[in-house]
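Coordinates as given in entry-v5.cif (mmCIF, C-alpha atoms and all ligand atoms):
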data_final
#
loop_
_atom_site.group_PDB
_atom_site.id
_atom_site.type_symbol
_atom_site.label_atom_id
_atom_site.label_comp_id
_atom_site.auth_asym_id
_atom_site.auth_seq_id
_atom_site.Cartn_x
_atom_site.Cartn_y
_atom_site.Cartn_z
ATOM 1 C CA MET A 19 -10.644 -15.530 52.812
ATOM 2 C CA LYS A 20 -12.225 -12.120 53.339
ATOM 3 C CA ARG A 21 -15.955 -11.941 53.836
ATOM 4 C CA ILE A 22 -18.402 -9.184 52.878
ATOM 5 C CA LEU A 23 -22.005 -8.886 54.032
ATOM 6 C CA THR A 24 -24.113 -7.097 51.438
ATOM 7 C CA ILE A 25 -27.531 -5.730 52.347
ATOM 8 C CA GLN A 26 -29.750 -4.935 49.343
ATOM 9 C CA ASP A 27 -32.693 -6.309 47.371
ATOM 10 C CA ILE A 28 -32.961 -9.312 45.107
ATOM 11 C CA SER A 29 -34.387 -8.162 41.779
ATOM 12 C CA CYS A 30 -34.918 -11.660 40.359
ATOM 13 C CA LEU A 31 -34.577 -10.475 36.755
ATOM 14 C CA GLY A 32 -32.758 -7.271 35.885
ATOM 15 C CA LYS A 33 -29.024 -7.578 36.622
ATOM 16 C CA CYS A 34 -28.695 -5.262 39.607
ATOM 17 C CA SER A 35 -28.204 -5.277 43.381
ATOM 18 C CA ILE A 36 -27.613 -8.819 44.746
ATOM 19 C CA THR A 37 -27.638 -10.562 41.336
ATOM 20 C CA VAL A 38 -24.629 -8.359 40.480
ATOM 21 C CA ALA A 39 -22.904 -8.128 43.878
ATOM 22 C CA LEU A 40 -22.869 -11.870 44.534
ATOM 23 C CA PRO A 41 -21.192 -13.049 41.293
ATOM 24 C CA ILE A 42 -18.805 -10.100 41.105
ATOM 25 C CA ILE A 43 -17.575 -10.160 44.701
ATOM 26 C CA SER A 44 -17.316 -13.975 44.639
ATOM 27 C CA SER A 45 -15.296 -13.855 41.412
ATOM 28 C CA MET A 46 -12.886 -11.521 43.217
ATOM 29 C CA GLY A 47 -12.128 -14.298 45.712
ATOM 30 C CA VAL A 48 -14.196 -12.873 48.559
ATOM 31 C CA GLU A 49 -16.987 -14.704 50.380
ATOM 32 C CA THR A 50 -20.302 -12.898 49.896
ATOM 33 C CA VAL A 51 -22.976 -13.141 52.568
ATOM 34 C CA ILE A 52 -26.337 -11.694 51.505
ATOM 35 C CA LEU A 53 -29.115 -10.048 53.489
ATOM 36 C CA PRO A 54 -32.005 -9.481 51.049
ATOM 37 C CA THR A 55 -34.151 -6.445 51.902
ATOM 38 C CA ALA A 56 -36.920 -7.395 49.453
ATOM 39 C CA VAL A 57 -37.601 -9.757 46.577
ATOM 40 C CA LEU A 58 -38.800 -8.026 43.403
ATOM 41 C CA SER A 59 -39.824 -9.775 40.185
ATOM 42 C CA THR A 60 -37.622 -7.250 38.340
ATOM 43 C CA HIS A 61 -35.950 -3.946 39.206
ATOM 44 C CA THR A 62 -38.148 -0.865 39.305
ATOM 45 C CA MET A 63 -37.522 0.282 35.736
ATOM 46 C CA PHE A 64 -39.773 -2.516 34.466
ATOM 47 C CA LYS A 65 -43.535 -1.996 34.431
ATOM 48 C CA ASN A 66 -45.797 -3.816 36.917
ATOM 49 C CA PHE A 67 -43.004 -5.341 39.019
ATOM 50 C CA THR A 68 -43.971 -7.317 42.138
ATOM 51 C CA VAL A 69 -42.373 -6.703 45.554
ATOM 52 C CA LYS A 70 -42.237 -8.814 48.691
ATOM 53 C CA ASP A 71 -40.803 -6.724 51.496
ATOM 54 C CA LEU A 72 -38.448 -8.644 53.816
ATOM 55 C CA THR A 73 -38.011 -6.040 56.577
ATOM 56 C CA SER A 74 -39.381 -8.404 59.227
ATOM 57 C CA GLU A 75 -36.727 -11.014 58.365
ATOM 58 C CA LEU A 76 -33.670 -8.778 58.793
ATOM 59 C CA VAL A 77 -33.436 -8.783 62.578
ATOM 60 C CA PRO A 78 -34.057 -12.550 63.080
ATOM 61 C CA ILE A 79 -31.497 -13.446 60.391
ATOM 62 C CA THR A 80 -28.797 -11.194 61.811
ATOM 63 C CA GLN A 81 -29.563 -12.267 65.382
ATOM 64 C CA HIS A 82 -29.002 -15.858 64.293
ATOM 65 C CA TRP A 83 -25.593 -14.881 62.853
ATOM 66 C CA LYS A 84 -24.761 -13.006 66.046
ATOM 67 C CA SER A 85 -25.629 -16.084 68.149
ATOM 68 C CA LEU A 86 -23.191 -18.097 65.991
ATOM 69 C CA GLY A 87 -20.442 -15.521 66.574
ATOM 70 C CA GLU A 88 -20.174 -14.675 62.867
ATOM 71 C CA SER A 89 -18.352 -11.555 61.688
ATOM 72 C CA PHE A 90 -17.628 -9.644 58.484
ATOM 73 C CA ASP A 91 -14.623 -7.801 57.074
ATOM 74 C CA ALA A 92 -16.944 -5.347 55.361
ATOM 75 C CA ILE A 93 -20.625 -4.489 55.334
ATOM 76 C CA TYR A 94 -21.854 -3.068 52.031
ATOM 77 C CA THR A 95 -25.338 -1.591 51.783
ATOM 78 C CA GLY A 96 -27.107 -0.777 48.519
ATOM 79 C CA TYR A 97 -30.812 -0.449 47.704
ATOM 80 C CA LEU A 98 -32.626 -0.628 51.037
ATOM 81 C CA GLY A 99 -36.199 0.093 50.079
ATOM 82 C CA SER A 100 -37.831 1.444 53.253
ATOM 83 C CA GLU A 101 -37.242 3.898 56.065
ATOM 84 C CA GLU A 102 -37.396 1.109 58.622
ATOM 85 C CA GLU A 103 -34.658 -0.787 56.776
ATOM 86 C CA ILE A 104 -32.337 2.214 57.031
ATOM 87 C CA ALA A 105 -32.776 2.112 60.825
ATOM 88 C CA ILE A 106 -32.164 -1.659 60.845
ATOM 89 C CA ALA A 107 -29.017 -1.276 58.706
ATOM 90 C CA GLU A 108 -27.692 1.216 61.264
ATOM 91 C CA LYS A 109 -28.328 -1.284 64.038
ATOM 92 C CA ILE A 110 -26.572 -4.055 62.058
ATOM 93 C CA PHE A 111 -23.517 -1.766 61.680
ATOM 94 C CA ASP A 112 -23.512 -1.218 65.451
ATOM 95 C CA ASP A 113 -23.950 -4.918 66.195
ATOM 96 C CA PHE A 114 -21.249 -6.213 63.851
ATOM 97 C CA LYS A 115 -18.720 -3.383 63.537
ATOM 98 C CA THR A 116 -15.261 -4.014 64.951
ATOM 99 C CA LYS A 117 -12.267 -1.717 64.485
ATOM 100 C CA ASP A 118 -11.415 -3.626 61.300
ATOM 101 C CA THR A 119 -14.878 -3.721 59.668
ATOM 102 C CA LEU A 120 -15.225 -1.545 56.585
ATOM 103 C CA ILE A 121 -18.653 0.098 56.402
ATOM 104 C CA PHE A 122 -19.319 0.839 52.734
ATOM 105 C CA ILE A 123 -22.566 2.608 51.823
ATOM 106 C CA ASP A 124 -23.953 3.042 48.334
ATOM 107 C CA PRO A 125 -27.016 5.197 49.087
ATOM 108 C CA VAL A 126 -29.014 3.871 46.130
ATOM 109 C CA MET A 127 -32.097 6.042 45.646
ATOM 110 C CA ALA A 128 -31.826 8.227 42.544
ATOM 111 C CA ASP A 129 -30.193 8.990 39.194
ATOM 112 C CA ASN A 130 -30.364 11.592 36.427
ATOM 113 C CA GLY A 131 -31.847 14.219 38.764
ATOM 114 C CA LYS A 132 -34.747 11.997 39.927
ATOM 115 C CA LEU A 133 -35.555 9.732 42.860
ATOM 116 C CA TYR A 134 -36.379 6.107 41.988
ATOM 117 C CA ALA A 135 -40.007 4.937 42.271
ATOM 118 C CA GLY A 136 -41.181 4.777 45.874
ATOM 119 C CA PHE A 137 -38.603 7.139 47.410
ATOM 120 C CA ASP A 138 -39.129 10.690 48.674
ATOM 121 C CA GLU A 139 -37.119 13.470 50.289
ATOM 122 C CA LYS A 140 -37.563 12.017 53.765
ATOM 123 C CA TYR A 141 -35.980 8.767 52.553
ATOM 124 C CA ALA A 142 -33.045 10.791 51.188
ATOM 125 C CA ALA A 143 -32.650 12.593 54.518
ATOM 126 C CA LEU A 144 -32.620 9.279 56.425
ATOM 127 C CA ASN A 145 -29.929 7.943 54.073
ATOM 128 C CA ALA A 146 -27.926 11.091 54.763
ATOM 129 C CA GLY A 147 -28.181 10.259 58.472
ATOM 130 C CA LEU A 148 -26.950 6.698 57.859
ATOM 131 C CA CYS A 149 -23.798 8.070 56.190
ATOM 132 C CA LYS A 150 -22.380 9.166 59.553
ATOM 133 C CA LYS A 151 -21.712 5.479 60.268
ATOM 134 C CA ALA A 152 -19.765 4.931 57.053
ATOM 135 C CA ASP A 153 -16.090 4.543 56.315
ATOM 136 C CA ILE A 154 -16.851 5.089 52.633
ATOM 137 C CA ILE A 155 -19.905 6.395 50.780
ATOM 138 C CA VAL A 156 -20.258 6.237 46.977
ATOM 139 C CA PRO A 157 -23.283 8.324 45.899
ATOM 140 C CA ASN A 158 -23.809 9.510 42.345
ATOM 141 C CA ILE A 159 -24.310 13.255 41.806
ATOM 142 C CA THR A 160 -28.122 13.017 41.998
ATOM 143 C CA GLU A 161 -28.001 11.097 45.288
ATOM 144 C CA ALA A 162 -25.440 13.544 46.663
ATOM 145 C CA CYS A 163 -27.733 16.472 45.792
ATOM 146 C CA PHE A 164 -30.774 14.865 47.443
ATOM 147 C CA MET A 165 -28.785 14.020 50.591
ATOM 148 C CA THR A 166 -27.282 17.517 50.940
ATOM 149 C CA ASN A 167 -30.167 19.657 49.590
ATOM 150 C CA THR A 168 -28.022 20.933 46.742
ATOM 151 C CA GLU A 169 -29.244 22.026 43.321
ATOM 152 C CA TYR A 170 -28.688 19.251 40.728
ATOM 153 C CA LYS A 171 -26.731 20.364 37.667
ATOM 154 C CA THR A 172 -25.963 18.490 34.454
ATOM 155 C CA THR A 173 -23.191 20.898 33.504
ATOM 156 C CA TYR A 174 -20.773 21.764 36.251
ATOM 157 C CA ASP A 175 -17.159 22.539 37.054
ATOM 158 C CA GLU A 176 -14.668 21.257 39.609
ATOM 159 C CA SER A 177 -15.695 23.830 42.224
ATOM 160 C CA TYR A 178 -19.325 22.542 42.141
ATOM 161 C CA ILE A 179 -18.045 18.969 42.630
ATOM 162 C CA LYS A 180 -15.772 19.972 45.524
ATOM 163 C CA HIS A 181 -18.608 21.922 47.146
ATOM 164 C CA LEU A 182 -20.841 18.841 46.882
ATOM 165 C CA ILE A 183 -18.098 16.631 48.308
ATOM 166 C CA ASP A 184 -17.522 18.996 51.231
ATOM 167 C CA LYS A 185 -21.250 18.890 52.041
ATOM 168 C CA LEU A 186 -21.183 15.063 51.815
ATOM 169 C CA ALA A 187 -18.145 14.895 54.096
ATOM 170 C CA ALA A 188 -20.090 16.937 56.671
ATOM 171 C CA LEU A 189 -22.546 13.988 56.885
ATOM 172 C CA GLY A 190 -19.793 12.122 58.744
ATOM 173 C CA SER A 191 -18.320 9.438 56.465
ATOM 174 C CA LYS A 192 -14.528 9.091 56.629
ATOM 175 C CA ILE A 193 -14.166 8.881 52.854
ATOM 176 C CA VAL A 194 -16.531 10.356 50.304
ATOM 177 C CA VAL A 195 -16.483 9.226 46.674
ATOM 178 C CA LEU A 196 -18.762 10.916 44.189
ATOM 179 C CA THR A 197 -19.446 8.753 41.114
ATOM 180 C CA GLY A 198 -20.368 9.674 37.546
ATOM 181 C CA VAL A 199 -18.249 12.835 37.613
ATOM 182 C CA SER A 200 -17.212 14.041 34.142
ATOM 183 C CA LEU A 201 -14.671 16.838 34.201
ATOM 184 C CA LEU A 202 -12.945 16.156 30.880
ATOM 185 C CA PRO A 203 -14.475 15.617 27.442
ATOM 186 C CA GLY A 204 -14.875 11.895 26.699
ATOM 187 C CA LYS A 205 -14.132 10.904 30.292
ATOM 188 C CA THR A 206 -16.106 10.039 33.416
ATOM 189 C CA GLY A 207 -15.172 8.678 36.799
ATOM 190 C CA VAL A 208 -14.913 9.423 40.473
ATOM 191 C CA TYR A 209 -13.958 12.399 42.600
ATOM 192 C CA GLY A 210 -13.211 11.637 46.219
ATOM 193 C CA PHE A 211 -12.118 13.157 49.495
ATOM 194 C CA ASP A 212 -10.373 11.442 52.384
ATOM 195 C CA THR A 213 -11.261 13.325 55.582
ATOM 196 C CA VAL A 214 -8.397 11.616 57.436
ATOM 197 C CA SER A 215 -5.605 12.780 55.106
ATOM 198 C CA GLY A 216 -7.510 15.919 54.008
ATOM 199 C CA LYS A 217 -6.751 15.031 50.386
ATOM 200 C CA TYR A 218 -8.989 15.021 47.319
ATOM 201 C CA PHE A 219 -8.465 12.349 44.652
ATOM 202 C CA THR A 220 -9.902 11.731 41.219
ATOM 203 C CA TYR A 221 -9.815 9.100 38.504
ATOM 204 C CA GLN A 222 -11.327 9.512 35.067
ATOM 205 C CA ALA A 223 -12.020 6.495 32.811
ATOM 206 C CA ASP A 224 -13.269 6.593 29.220
ATOM 207 C CA ARG A 225 -16.836 7.829 29.007
ATOM 208 C CA ILE A 226 -19.114 5.693 26.885
ATOM 209 C CA ASP A 227 -22.258 7.554 26.007
ATOM 210 C CA ALA A 228 -24.815 5.031 27.128
ATOM 211 C CA ALA A 229 -26.753 4.763 30.365
ATOM 212 C CA PHE A 230 -27.397 1.254 31.617
ATOM 213 C CA HIS A 231 -29.087 0.082 34.746
ATOM 214 C CA GLY A 232 -27.034 -1.681 37.446
ATOM 215 C CA THR A 233 -23.706 -0.074 36.568
ATOM 216 C CA GLY A 234 -23.614 1.698 39.952
ATOM 217 C CA ASP A 235 -23.987 -1.677 41.666
ATOM 218 C CA ILE A 236 -21.155 -3.112 39.569
ATOM 219 C CA PHE A 237 -18.927 -0.156 40.429
ATOM 220 C CA ALA A 238 -19.682 -0.463 44.156
ATOM 221 C CA SER A 239 -19.219 -4.262 44.215
ATOM 222 C CA VAL A 240 -15.798 -4.099 42.539
ATOM 223 C CA SER A 241 -14.677 -1.228 44.796
ATOM 224 C CA VAL A 242 -15.574 -2.985 48.037
ATOM 225 C CA GLY A 243 -14.262 -6.348 46.758
ATOM 226 C CA ALA A 244 -10.854 -4.773 46.146
ATOM 227 C CA LEU A 245 -10.735 -2.526 49.229
ATOM 228 C CA VAL A 246 -11.480 -5.395 51.600
ATOM 229 C CA GLN A 247 -8.426 -7.233 50.221
ATOM 230 C CA GLY A 248 -6.153 -4.291 50.993
ATOM 231 C CA VAL A 249 -5.990 -2.701 47.535
ATOM 232 C CA SER A 250 -5.439 1.075 47.872
ATOM 233 C CA LEU A 251 -8.274 3.568 47.492
ATOM 234 C CA HIS A 252 -6.901 4.845 44.189
ATOM 235 C CA ASP A 253 -6.345 1.390 42.683
ATOM 236 C CA SER A 254 -9.700 0.040 43.922
ATOM 237 C CA PHE A 255 -11.685 2.896 42.401
ATOM 238 C CA LYS A 256 -9.606 2.772 39.196
ATOM 239 C CA LEU A 257 -10.295 -0.965 38.894
ATOM 240 C CA ALA A 258 -14.025 -0.361 39.447
ATOM 241 C CA ALA A 259 -14.237 2.569 37.011
ATOM 242 C CA ASP A 260 -12.275 0.767 34.274
ATOM 243 C CA TYR A 261 -14.242 -2.466 34.717
ATOM 244 C CA THR A 262 -17.550 -0.591 34.525
ATOM 245 C CA ALA A 263 -16.377 1.188 31.350
ATOM 246 C CA ILE A 264 -15.257 -2.000 29.562
ATOM 247 C CA THR A 265 -18.462 -3.749 30.608
ATOM 248 C CA ILE A 266 -20.628 -0.996 29.120
ATOM 249 C CA GLN A 267 -18.541 -1.159 25.930
ATOM 250 C CA GLU A 268 -18.890 -4.957 25.794
ATOM 251 C CA THR A 269 -22.662 -4.589 26.181
ATOM 252 C CA LEU A 270 -22.871 -2.032 23.376
ATOM 253 C CA ASN A 271 -21.012 -4.476 21.120
ATOM 254 C CA ASP A 272 -23.714 -7.125 21.686
ATOM 255 C CA PRO A 273 -26.392 -6.896 18.977
ATOM 256 C CA LYS A 274 -28.792 -8.632 21.382
ATOM 257 C CA LYS A 275 -27.935 -6.469 24.397
ATOM 258 C CA PRO A 276 -30.543 -6.387 27.134
ATOM 259 C CA TRP A 277 -31.995 -2.863 27.734
ATOM 260 C CA TYR A 278 -32.239 -3.459 31.487
ATOM 261 C CA GLY A 279 -28.630 -4.201 32.464
ATOM 262 C CA VAL A 280 -25.075 -4.824 31.279
ATOM 263 C CA ASN A 281 -23.237 -7.987 30.205
ATOM 264 C CA PHE A 282 -20.888 -8.085 33.191
ATOM 265 C CA GLU A 283 -20.835 -11.883 32.915
ATOM 266 C CA SER A 284 -18.672 -11.619 29.774
ATOM 267 C CA THR A 285 -16.084 -9.302 31.340
ATOM 268 C CA ILE A 286 -15.553 -11.071 34.690
ATOM 269 C CA PRO A 287 -12.367 -12.817 33.395
ATOM 270 C CA GLU A 288 -10.813 -9.382 32.738
ATOM 271 C CA LEU A 289 -11.758 -8.204 36.226
ATOM 272 C CA VAL A 290 -10.137 -11.279 37.756
ATOM 273 C CA LYS A 291 -6.973 -10.727 35.706
ATOM 274 C CA SER A 292 -6.641 -7.012 36.598
ATOM 275 C CA LEU A 293 -7.300 -7.728 40.276
ATOM 276 C CA SER A 294 -4.688 -10.474 40.414
ATOM 277 C CA VAL A 295 -2.043 -7.996 39.173
ATOM 278 C CA LEU A 296 -2.976 -5.573 41.970
ATOM 279 C CA LEU A 297 -2.982 -8.314 44.629
ATOM 280 C CA LYS A 298 0.458 -9.550 43.553
ATOM 281 C CA ASP A 299 1.907 -6.102 44.263
ATOM 282 C CA LEU A 300 0.590 -5.939 47.838
HETATM 283 O O1 LIG B 1 -29.430 -0.587 40.587
HETATM 284 C C1 LIG B 1 -30.076 -0.004 41.644
HETATM 285 C C2 LIG B 1 -31.377 -0.665 41.969
HETATM 286 C C3 LIG B 1 -31.393 -1.728 42.824
HETATM 287 N N1 LIG B 1 -32.528 -2.364 43.144
HETATM 288 C C4 LIG B 1 -33.705 -1.990 42.606
HETATM 289 C C5 LIG B 1 -33.764 -0.925 41.718
HETATM 290 C C6 LIG B 1 -32.578 -0.231 41.423
HETATM 291 C C7 LIG B 1 -32.642 0.922 40.544
HETATM 292 O O2 LIG B 1 -33.655 1.302 40.020
HETATM 293 O O3 LIG B 1 -34.923 -0.599 41.169
HETATM 294 C C8 LIG B 1 -34.969 -2.719 42.962
#
Transcribe the structure of this file into structure tokens.
Amino acid sequence: MKRILTIQDISCLGKCSITVALPIISSMGVETVILPTAVLSTHTMFKNFTVKDLTSELVPITQHWKSLGESFDAIYTGYLGSEEEIAIAEKIFDDFKTKDTLIFIDPVMADNGKLYAGFDEKYAALNAGLCKKADIIVPNITEACFMTNTEYKTTYDESYIKHLIDKLAALGSKIVVLTGVSLLPGKTGVYGFDTVSGKYFTYQADRIDAAFHGTGDIFASVSVGALVQGVSLHDSFKLAADYTAITIQETLNDPKKPWYGVNFESTIPELVKSLSVLLKDL
């Protein structure tokens, strides 16, 4: 069985970060090891959330794993929370990376043109530095703009997206995948660039006009859960984009939908079914 280490916060209530990554990656038949960066009562879109920072725990926990000789097929970072944790994540990559370890970075820090509460431009610059260690990075357009000092636009064309991707690739990741890219009416998806093959790729799923929290974490979890099992780049990102789209649709259909996250729990059986088709073809 493949094994992914994910490094991000636990937002106890809120359906994001580890409370999404753990069930989704596990449902995909991959062992999920967690390294919580902080425990929050809720994610940061709620008012008056509490935070217990866990920075001081990260090194002792990973040193214990190292002493046991443990290893990971992929390391997936999401919401890190502090500048010091970015430096520690870099050290964990160095300590655990072998030639077969996939380093997958979702530089969670911003959306809709704005940084999340508690982050500033220095934090964005440090995340940009971390990207040099990555095999794959999956920023949204806002995060890409903050990391590359590019003007954020809500209306754009393909040349703007390619320019942004080229600037992201210069940060040093092998593969760059920009998320939330809408180039066709009624569609949204990913636009990527593989620096090894020199090829751009894109996949557009149906766009559902609703913004929900945690969908980036769902997209990243499905992508890394498929990639680590040998599913191709195109099929992994298609699976993730389609699953995110059907999950948002499912949530909209729920008259009692939560405002703070999506009903991914209801759509997991479809994810498992679609993945099993892809795995059979490998
Ligand atoms: O979904 C990203 C995320 C993860 N963790 C925390 C957050 C957010 C987005 O706001 O607040 C704590």
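Applied to the file shown here, the PyMOL selection byres (((chain A and resi 202) around 12) and not hetatm) selects the residues Thr173, Tyr174, Asp175, Glu176, Gly198, Val199, Ser200, Leu201, Pro203, Gly204, Lys205, Thr206, Gly207, Val208, Thr220, Tyr221, Gln222, Ala223, Asp224 and Arg225 of chain A.
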- Message: Show me which residues are within 6 Å of ligand LIG 1 (chain B) counting all atoms listed in the file, and format the list as a VMD selection string.
- Response: chain A and resid 27 29 34 to 35 61 to 63 97 134 231 to 232 235
- For the file shown, what are the residues hit by the PyMOL selection byres (((chain A and resi 79) around 12) and not hetatm), laid out as a ChimeraX atom specification? /A:25,51-55,72-78,80-86,88,106,110
- Show which residues sit within 9 Å of Ala162 in chain A, as number ranges by chain. Count only C-alpha atoms, and ignore same-chain residues fewer than 4 positions away. A: 125, 146, 156-158, 166-168, 170, 182-183, 185-186, 196
- Task: Would you kindly return, as a PyMOL selection string, each protein, DNA or RNA residue with an atom no farther than 9 Å from any atom of Leu120 in chain A, considering all atoms listed in the file and excluding same-chain residues fewer than 3 positions away?
- Result: chain A and resi 90-94+115-117+152-154+242+245-246
Go ahead and dump the residues you just picked, C-alpha atoms, as an mmCIF file, in the coordinates of the input.
data_model
loop_
_atom_site.group_PDB
_atom_site.id
_atom_site.type_symbol
_atom_site.label_atom_id
_atom_site.label_comp_id
_atom_site.auth_asym_id
_atom_site.auth_seq_id
_atom_site.Cartn_x
_atom_site.Cartn_y
_atom_site.Cartn_z
ATOM 1 C CA PHE A 90 -17.628 -9.644 58.484
ATOM 2 C CA ASP A 91 -14.623 -7.801 57.074
ATOM 3 C CA ALA A 92 -16.944 -5.347 55.361
ATOM 4 C CA ILE A 93 -20.625 -4.489 55.334
ATOM 5 C CA TYR A 94 -21.854 -3.068 52.031
ATOM 6 C CA LYS A 115 -18.720 -3.383 63.537
ATOM 7 C CA THR A 116 -15.261 -4.014 64.951
ATOM 8 C CA LYS A 117 -12.267 -1.717 64.485
ATOM 9 C CA ALA A 152 -19.765 4.931 57.053
ATOM 10 C CA ASP A 153 -16.090 4.543 56.315
ATOM 11 C CA ILE A 154 -16.851 5.089 52.633
ATOM 12 C CA VAL A 242 -15.574 -2.985 48.037
ATOM 13 C CA LEU A 245 -10.735 -2.526 49.229
ATOM 14 C CA VAL A 246 -11.480 -5.395 51.600
#
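Between CA of Leu289 in chain A and CA of Asp129 in chain A lies a distance of 25.4 Å.
Here CA of Val295 in chain A stands at a distance of 23.2 Å from CA of Thr233 in chain A.
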With 4 Å added on each side, what axis-aligned box encloses every listed atom of range 64-76 of chain A? Give the centre and edge lengths in Å to one decimal, as lines of an AutoDock Vina configuration file.
center_x = -39.7
center_y = -6.5
center_z = 46.8
size_x = 20.1
size_y = 17.0
size_z = 32.8
- Query: Which one of A:Ile22, A:Ala143, A:Val195, A:Leu270 sits closest to His252 in chain A if you count all atoms listed in the file?
  - Reply: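 Using all atoms listed in the file, His252 in chain A sits closest to A:Val195.
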- Item | Residues in the PyMOL selection byres (((chain A and resi 43) around 12) and not hetatm), expressed as a PyMOL selection string | chain A and resi 19-24+35-42+44-52+92+94+235-247+258+286+289-290+293
Show me that you can extract range 148-211 of chain A, keeping C-alpha atoms, and write it as a PDB file, in the first residue's frame.
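Okay, this is what ended up in out-v4.pdb:
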ATOM      1  CA  LEU A 148       9.647  26.303  -0.700  1.00  0.00           C
ATOM      2  CA  CYS A 149       8.372  25.562  -4.225  1.00  0.00           C
ATOM      3  CA  LYS A 150      11.915  24.922  -5.473  1.00  0.00           C
ATOM      4  CA  LYS A 151      11.799  21.623  -3.562  1.00  0.00           C
ATOM      5  CA  ALA A 152       8.571  20.477  -5.203  1.00  0.00           C
ATOM      6  CA  ASP A 153       7.819  17.933  -7.881  1.00  0.00           C
ATOM      7  CA  ILE A 154       4.341  19.426  -8.213  1.00  0.00           C
ATOM      8  CA  ILE A 155       2.782  22.672  -6.986  1.00  0.00           C
ATOM      9  CA  VAL A 156      -0.964  23.396  -7.208  1.00  0.00           C
ATOM     10  CA  PRO A 157      -1.593  27.081  -6.373  1.00  0.00           C
ATOM     11  CA  ASN A 158      -4.800  28.879  -7.266  1.00  0.00           C
ATOM     12  CA  ILE A 159      -4.496  32.085  -9.314  1.00  0.00           C
ATOM     13  CA  THR A 160      -4.418  34.337  -6.225  1.00  0.00           C
ATOM     14  CA  GLU A 161      -1.638  32.295  -4.603  1.00  0.00           C
ATOM     15  CA  ALA A 162       0.286  32.246  -7.879  1.00  0.00           C
ATOM     16  CA  CYS A 163       0.058  36.053  -8.099  1.00  0.00           C
ATOM     17  CA  PHE A 164       1.264  36.549  -4.513  1.00  0.00           C
ATOM     18  CA  MET A 165       4.172  34.127  -5.014  1.00  0.00           C
ATOM     19  CA  THR A 166       5.315  35.710  -8.300  1.00  0.00           C
ATOM     20  CA  ASN A 167       4.435  39.388  -7.648  1.00  0.00           C
ATOM     21  CA  THR A 168       1.976  39.416 -10.527  1.00  0.00           C
ATOM     22  CA  GLU A 169      -1.132  41.572 -10.810  1.00  0.00           C
ATOM     23  CA  TYR A 170      -4.271  39.561  -9.897  1.00  0.00           C
ATOM     24  CA  LYS A 171      -6.978  39.623 -12.563  1.00  0.00           C
ATOM     25  CA  THR A 172     -10.517  38.247 -12.473  1.00  0.00           C
ATOM     26  CA  THR A 173     -10.864  38.409 -16.246  1.00  0.00           C
ATOM     27  CA  TYR A 174      -7.958  37.051 -18.210  1.00  0.00           C
ATOM     28  CA  ASP A 175      -6.950  35.166 -21.331  1.00  0.00           C
ATOM     29  CA  GLU A 176      -4.710  32.188 -22.033  1.00  0.00           C
ATOM     30  CA  SER A 177      -1.602  34.350 -22.456  1.00  0.00           C
ATOM     31  CA  TYR A 178      -2.023  35.745 -18.890  1.00  0.00           C
ATOM     32  CA  ILE A 179      -2.325  32.174 -17.552  1.00  0.00           C
ATOM     33  CA  LYS A 180       0.752  30.987 -19.467  1.00  0.00           C
ATOM     34  CA  HIS A 181       2.728  34.012 -18.273  1.00  0.00           C
ATOM     35  CA  LEU A 182       1.749  33.196 -14.678  1.00  0.00           C
ATOM     36  CA  ILE A 183       2.686  29.545 -15.166  1.00  0.00           C
ATOM     37  CA  ASP A 184       6.071  30.467 -16.635  1.00  0.00           C
ATOM     38  CA  LYS A 185       6.783  32.663 -13.596  1.00  0.00           C
ATOM     39  CA  LEU A 186       5.709  29.801 -11.283  1.00  0.00           C
ATOM     40  CA  ALA A 187       7.938  27.345 -13.145  1.00  0.00           C
ATOM     41  CA  ALA A 188      10.876  29.709 -12.540  1.00  0.00           C
ATOM     42  CA  LEU A 189      10.390  29.059  -8.783  1.00  0.00           C
ATOM     43  CA  GLY A 190      11.825  25.589  -9.427  1.00  0.00           C
ATOM     44  CA  SER A 191       9.025  23.003  -9.223  1.00  0.00           C
ATOM     45  CA  LYS A 192       9.163  20.269 -11.875  1.00  0.00           C
ATOM     46  CA  ILE A 193       5.442  20.488 -12.605  1.00  0.00           C
ATOM     47  CA  VAL A 194       3.251  23.528 -12.119  1.00  0.00           C
ATOM     48  CA  VAL A 195      -0.538  23.239 -12.011  1.00  0.00           C
ATOM     49  CA  LEU A 196      -2.615  26.373 -11.715  1.00  0.00           C
ATOM     50  CA  THR A 197      -6.105  25.697 -10.313  1.00  0.00           C
ATOM     51  CA  GLY A 198      -9.390  27.556 -10.740  1.00  0.00           C
ATOM     52  CA  VAL A 199      -8.588  28.536 -14.328  1.00  0.00           C
ATOM     53  CA  SER A 200     -11.687  29.327 -16.414  1.00  0.00           C
ATOM     54  CA  LEU A 201     -10.968  29.766 -20.099  1.00  0.00           C
ATOM     55  CA  LEU A 202     -14.332  28.679 -21.505  1.00  0.00           C
ATOM     56  CA  PRO A 203     -17.825  29.818 -20.532  1.00  0.00           C
ATOM     57  CA  GLY A 204     -19.386  27.418 -18.007  1.00  0.00           C
ATOM     58  CA  LYS A 205     -16.095  25.619 -17.397  1.00  0.00           C
ATOM     59  CA  THR A 206     -13.273  25.743 -14.863  1.00  0.00           C
ATOM     60  CA  GLY A 207     -10.265  23.578 -14.199  1.00  0.00           C
ATOM     61  CA  VAL A 208      -6.514  23.374 -14.294  1.00  0.00           C
ATOM     62  CA  TYR A 209      -3.763  24.635 -16.559  1.00  0.00           C
ATOM     63  CA  GLY A 210      -0.395  23.000 -16.091  1.00  0.00           C
ATOM     64  CA  PHE A 211       3.153  22.900 -17.371  1.00  0.00           C
TER      65      PHE A 211
END
